[in-house]
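K.L.:
First the structure, which I've put down as structure tokens, then a few questions once you've had a look.
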Amino acid sequence: MSDSVVSTSDALPATRGQAPLAAGGQCIAKQADGVYADVTALGPALLAAVDAIFLKNQYFAGLDYAVLVKALFDHGPELPRNARGETVVRLADDILPFEPTRRALYRAAKIADGQAEYYFEPVFLPDDEGAEQPARLDLDEFIADMWMKGIRFGVDVAAVNGAIATGAAGRLIVARRLEPKPGEDAHVVEVSNDLHRSDAPRQLANGKLDLMSFQNRFPQVHRGDRLLQKLPRVYGEPGFDLSGIALPPEVPSDLDLAGWSGPGTVVDRILEGEFVVALQDGFLNVEPGSTRIAVGDKIVSHDGVSARTTGNLQLTGDYEEFGEVQENRIIEGEGITVHADVYGHIASRGGAVCLNRNLMGGSARNADGPIHVMGVASGAIIQSVKGEVSVQRAENCTISGVKVTVAEAVNCEIIADEVSVGQAEGCAIAARRVTIERAAPRGHSELRVFVLRPDCTRIDAAIGMIGERIAQFGELAAQRRAAMQELAAQPDVASYVKLAGRVRKGELVLTPEQQPMFKKLAAGAAPALKQMSTFAQELKDTEAEQEAGVAFQARLQAQRAQHSAAASVEIVEAAGDITVRAISVEPESESLHTLPARDFKARLRDASGAELLFSGSSGAFSWSTADAAATEPST
């Protein structure tokens, strides 16, 4: 057999006078340059062969313990390769007999807690005359002896070599159990930088920093963005007991990425791995108490709005907050819902503003949508330019909107197109239509109601001007009809018209002798006929103008009737001093509720001298512009 060739079949014969290998030696071959193992029989088969050699009181001389451990237990550095790139398992230099006299030099090892301790001390062997002479232990013999004593793995070769070399007595740990290497549980990692918030101060357009606002408190993602990736579990590596028995590691836990995918996301499983992917453009939200992330049009926050958590917010979408909005903090966005108390300021560009608790000392404004306060509003400003406002209880508030509904209002200033209050105390209320179930003063503040009565003076003037113009067109039309009748009554014109009509209808056929006379008659009537045609066109234009004027006048009259019926006030019960006054306003002018709060408050103060409709402390009061118009004397 040539060098570096490993036998894999029958037991190998002795080489150069060496004894044959022990049973199981078909996995091991002694060659001229050492002892080799069959690379196709590593593991249990080789373990049995090695065990057979040690049982025959043999040991490996010049053993490469690291190669042996790798070949038997697949632990340690990779096996070496030859020049052709083939794996070579050279175990030792030789296999020698383990003499009983030498075996007697080795003591038993103390095995406890996964390690083996050995007491090294001077050893002696008898010479030929029976006298004991100092001897030395041998590493290869030590490994063979420990093998037979059950220690087949984990021998600390360096420590044993050192102890043998020094010859000093002492107890030493010579072998250790290898603990299994734990694996890695499956886990989820972020794969998008957009998931991270930036709490740095927001930079303004002029380059300055707004210390009250964060740069990116609520990340926004786009459709198709990969948000999270599942990294699969990694299995650990087995350990080994001193006996060579494998110690399996704990199985790492797995996870289902679907548990991380909320609304607006989907789990995408491709060759690259498993990803949570956004299904739409929107804001990233983490569901409380879970690991599920969602992408939606609305931002959901549970941290509250404060200088510490979010700073002032300027958002491009809807916002839902479950924490408090602290004093002087601002939320700007579209639809805004807050489930806790609000002490700061809410400003919406549209959508609905829903405050499910209390509004204390702050403000709520909406440029194009309703405002609902489910709790108490105190010392607050509530204003909706184009929407309705509803409040359960308002104290010392300024409220305005298209329609305002308050269950209970105390010392408030309210202005709208329509106001409905269940119980009003000490308020100043101005609207086109006012309904109060119970009205009463509050302390030294009486209840004041101002009906915004439409001033139709300009409309009446326009209706009068249009009526005059319609009459002028009627006179002009009558003049044109009279002129046309006068021309038609001329003898030549009447004769031609009558004769031409019969000719056109075929009732009369002119002879050649009559045709020159007919042409002469037509020539004589032509100037009058031309003038009649001009009058007819002018009459048509005049009648069209008259009809347009009548239609326009009807629209103005309908508009006036609508405005006249628009103002009303109804107080079901007066329980103290109240006054009702009428303020004349231009019907087409900008509504007072769209003005800033300080402006319409000033208008209410200046209206104290307006026309008095009612003043009393008990009973009921009802008034409307329609009723007032019906009772006015006709002129």
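All residue names refer to the structure tokens as shown: chains lettered A, B, ... in order, residues numbered from 1 in each chain, ligands numbered from 1 in order.
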Where in range 349-444 of chain A does DSSP assign strand (DSSP E or B), given as an MDAnalysis selection string?
P.N.:
chainID A and resid 353:355 359:360 363:366 371:378 381:384 388:395 398:410 413:425 428:440 442
K.L.:
Neighbouring residues of range 534-542 of chain A were defined as those with any atom within 12 Å, considering only C-alpha atoms; residues of the same chain fewer than 6 positions away were excluded. Please report them as a list in words.
P.N.:
Arg469, Ile470, Ala471, Gln472, Phe473, Gly474, Glu475, Leu476, Ala477, Ala478, Gln479, Arg480, Arg481, Ala482, Ala483, Met484, Gln485, Glu486, Leu487, Ala488, Pro527, Ala528, Ala548 and Gly549 of chain A
K.L.:
Which residues come within 12 Å of Ala112 in chain A, counting only C-alpha atoms, excluding same-chain residues fewer than 6 positions away, as a list in words?
P.N.:
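Listing them by chain and then by number gives Tyr118, Ile173, Ala175, Arg176, Arg177, Asp241 and Leu242 of chain A.
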K.L.:
Give me the residues within 8 Å of range 226-237 of chain A as a list of chain:residue names, counting only C-alpha atoms and dropping any in the same chain fewer than 6 places off.
P.N.:
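The residues satisfying every condition are A:Pro180, A:Lys181, A:Pro182, A:Gly183, A:Glu184, A:Asp185, A:Ala186, A:His187, A:Val188, A:Val189, A:Glu190, A:Val191, A:Ser192, A:Leu195, A:Pro248, A:Pro249, A:Glu250, A:Val251, A:Pro252, A:Ser253, A:Asp254, A:Leu257, A:Gly273, A:Glu274, A:Phe275, A:Val276, A:Val277, A:Ala278.
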K.L.:
Take the residues from that selection and put them in a file with C-alpha atoms, as a short mmCIF file (atom, residue, chain, number, x, y, z; two decimals), in the first residue's frame.
P.N.:
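Okay, this is what ended up in result-v4.cif:
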```cif
data_model
loop_
_atom_site.label_atom_id
_atom_site.label_comp_id
_atom_site.auth_asym_id
_atom_site.auth_seq_id
_atom_site.Cartn_x
_atom_site.Cartn_y
_atom_site.Cartn_z
CA PRO A 180 -23.32 22.55 24.43
CA LYS A 181 -23.17 25.81 22.51
CA PRO A 182 -26.60 27.38 22.61
CA GLY A 183 -28.31 28.26 19.37
CA GLU A 184 -30.04 31.49 18.51
CA ASP A 185 -33.79 31.94 18.67
CA ALA A 186 -35.58 33.17 15.60
CA HIS A 187 -35.98 36.91 15.89
CA VAL A 188 -37.12 39.95 13.98
CA VAL A 189 -34.93 42.82 12.83
CA GLU A 190 -35.78 46.15 11.30
CA VAL A 191 -34.84 46.52 7.64
CA SER A 192 -36.05 50.07 7.06
CA LEU A 195 -38.97 52.93 11.33
CA PRO A 248 -27.53 18.16 22.69
CA PRO A 249 -28.21 21.89 22.96
CA GLU A 250 -31.66 23.25 23.66
CA VAL A 251 -33.75 23.64 20.55
CA PRO A 252 -34.02 27.38 19.82
CA SER A 253 -37.51 28.77 19.66
CA ASP A 254 -39.19 29.73 16.41
CA LEU A 257 -43.93 36.50 11.53
CA GLY A 273 -36.41 35.46 3.55
CA GLU A 274 -39.61 36.47 5.32
CA PHE A 275 -40.50 40.15 5.45
CA VAL A 276 -43.31 42.33 6.80
CA VAL A 277 -44.15 44.65 3.90
CA ALA A 278 -46.31 47.80 3.87
#
```
K.L.:
Using only C-alpha atoms, which residues sit within 6 Å of range 90-100 of chain A once same-chain residues fewer than 4 positions away are excluded, as a list in words?
P.N.:
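Once the nearby chain positions are removed, what remains is Gly34, Val35, Tyr36, Asn57, Gln58, Tyr59, Phe60, Ala61, Gly62, Leu63 and Asp64 of chain A.
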K.L.:
Let me see the file: selected residues, N, CA and C atoms, as a short mmCIF file (atom, residue, chain, number, x, y, z; two decimals), in the first residue's frame.
P.N.:
```cif
data_model
loop_
_atom_site.label_atom_id
_atom_site.label_comp_id
_atom_site.auth_asym_id
_atom_site.auth_seq_id
_atom_site.Cartn_x
_atom_site.Cartn_y
_atom_site.Cartn_z
N GLY A 34 3.11 6.70 9.49
CA GLY A 34 2.21 6.92 10.60
C GLY A 34 0.95 6.09 10.52
N VAL A 35 0.04 6.40 11.43
CA VAL A 35 -1.23 5.68 11.53
C VAL A 35 -2.33 6.59 10.99
N TYR A 36 -3.11 6.03 10.05
CA TYR A 36 -4.14 6.82 9.38
C TYR A 36 -5.52 6.19 9.61
N ASN A 57 -4.77 -3.49 25.01
CA ASN A 57 -3.59 -2.99 25.71
C ASN A 57 -2.58 -2.39 24.75
N GLN A 58 -3.09 -1.58 23.84
CA GLN A 58 -2.24 -0.83 22.92
C GLN A 58 -2.56 0.65 23.08
N TYR A 59 -1.67 1.45 22.58
CA TYR A 59 -1.92 2.89 22.60
C TYR A 59 -1.27 3.53 21.39
N PHE A 60 -1.71 4.75 21.10
CA PHE A 60 -1.19 5.50 19.96
C PHE A 60 0.01 6.31 20.41
N ALA A 61 1.14 6.03 19.80
CA ALA A 61 2.35 6.80 20.08
C ALA A 61 2.39 8.00 19.15
N GLY A 62 2.74 9.12 19.73
CA GLY A 62 2.77 10.34 18.93
C GLY A 62 1.37 10.75 18.47
N LEU A 63 0.40 10.54 19.34
CA LEU A 63 -1.00 10.81 19.00
C LEU A 63 -1.26 12.31 18.80
N ASP A 64 -1.99 12.62 17.72
CA ASP A 64 -2.50 13.99 17.51
C ASP A 64 -3.92 14.01 18.08
#
```
K.L.:
If you count only C-alpha atoms, which residues fall within 12 Å of Thr265 in chain A, apart from same-chain ones fewer than 2 positions away, as a PyMOL selection string?
P.N.:
chain A and resi 221-228+257-263+267-268+275-286+292-296
K.L.:
Step one, run DSSP on the backbone; step two, keep only residues of range 151-299 of chain A assigned to helix (DSSP H, G or I); then write them as a list in words.
P.N.:
Val157, Ala158, Ala159, Val160, Asn161, Gly162, Ala163, Ile164, Ala165, Thr166, Asn193, Asp194, Leu195, Leu257, Ala258, Gly259 and Trp260 of chain A
K.L.:
Can you tell me, as an MDAnalysis selection string, what residues are no more than 9 Å from Leu172 in chain A when counting only C-alpha atoms, ignoring any on the same chain fewer than 2 positions away?
P.N.:
chainID A and resid 116:120 159:160 163 170 174
K.L.:
Can you work out the spacing between CA of Leu447 in chain A and CA of Ile571 in chain A in Å, to one decimal?
P.N.:
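According to the coordinates, CA of Leu447 in chain A and CA of Ile571 in chain A are separated by 11.4 Å.
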K.L.:
What does the distance between CA of Tyr343 in chain A and CA of Ala439 in chain A come to in Å, to one decimal place?
P.N.:
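Atom-to-atom, CA of Tyr343 in chain A and CA of Ala439 in chain A are spaced 29.0 Å apart.
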K.L.:
Which residue out of A:Glu129, A:Asp455, A:Glu547, A:Glu413 has the minimum interatomic distance to Asp599 in chain A when only C-alpha atoms are used?
P.N.:
A:Glu413
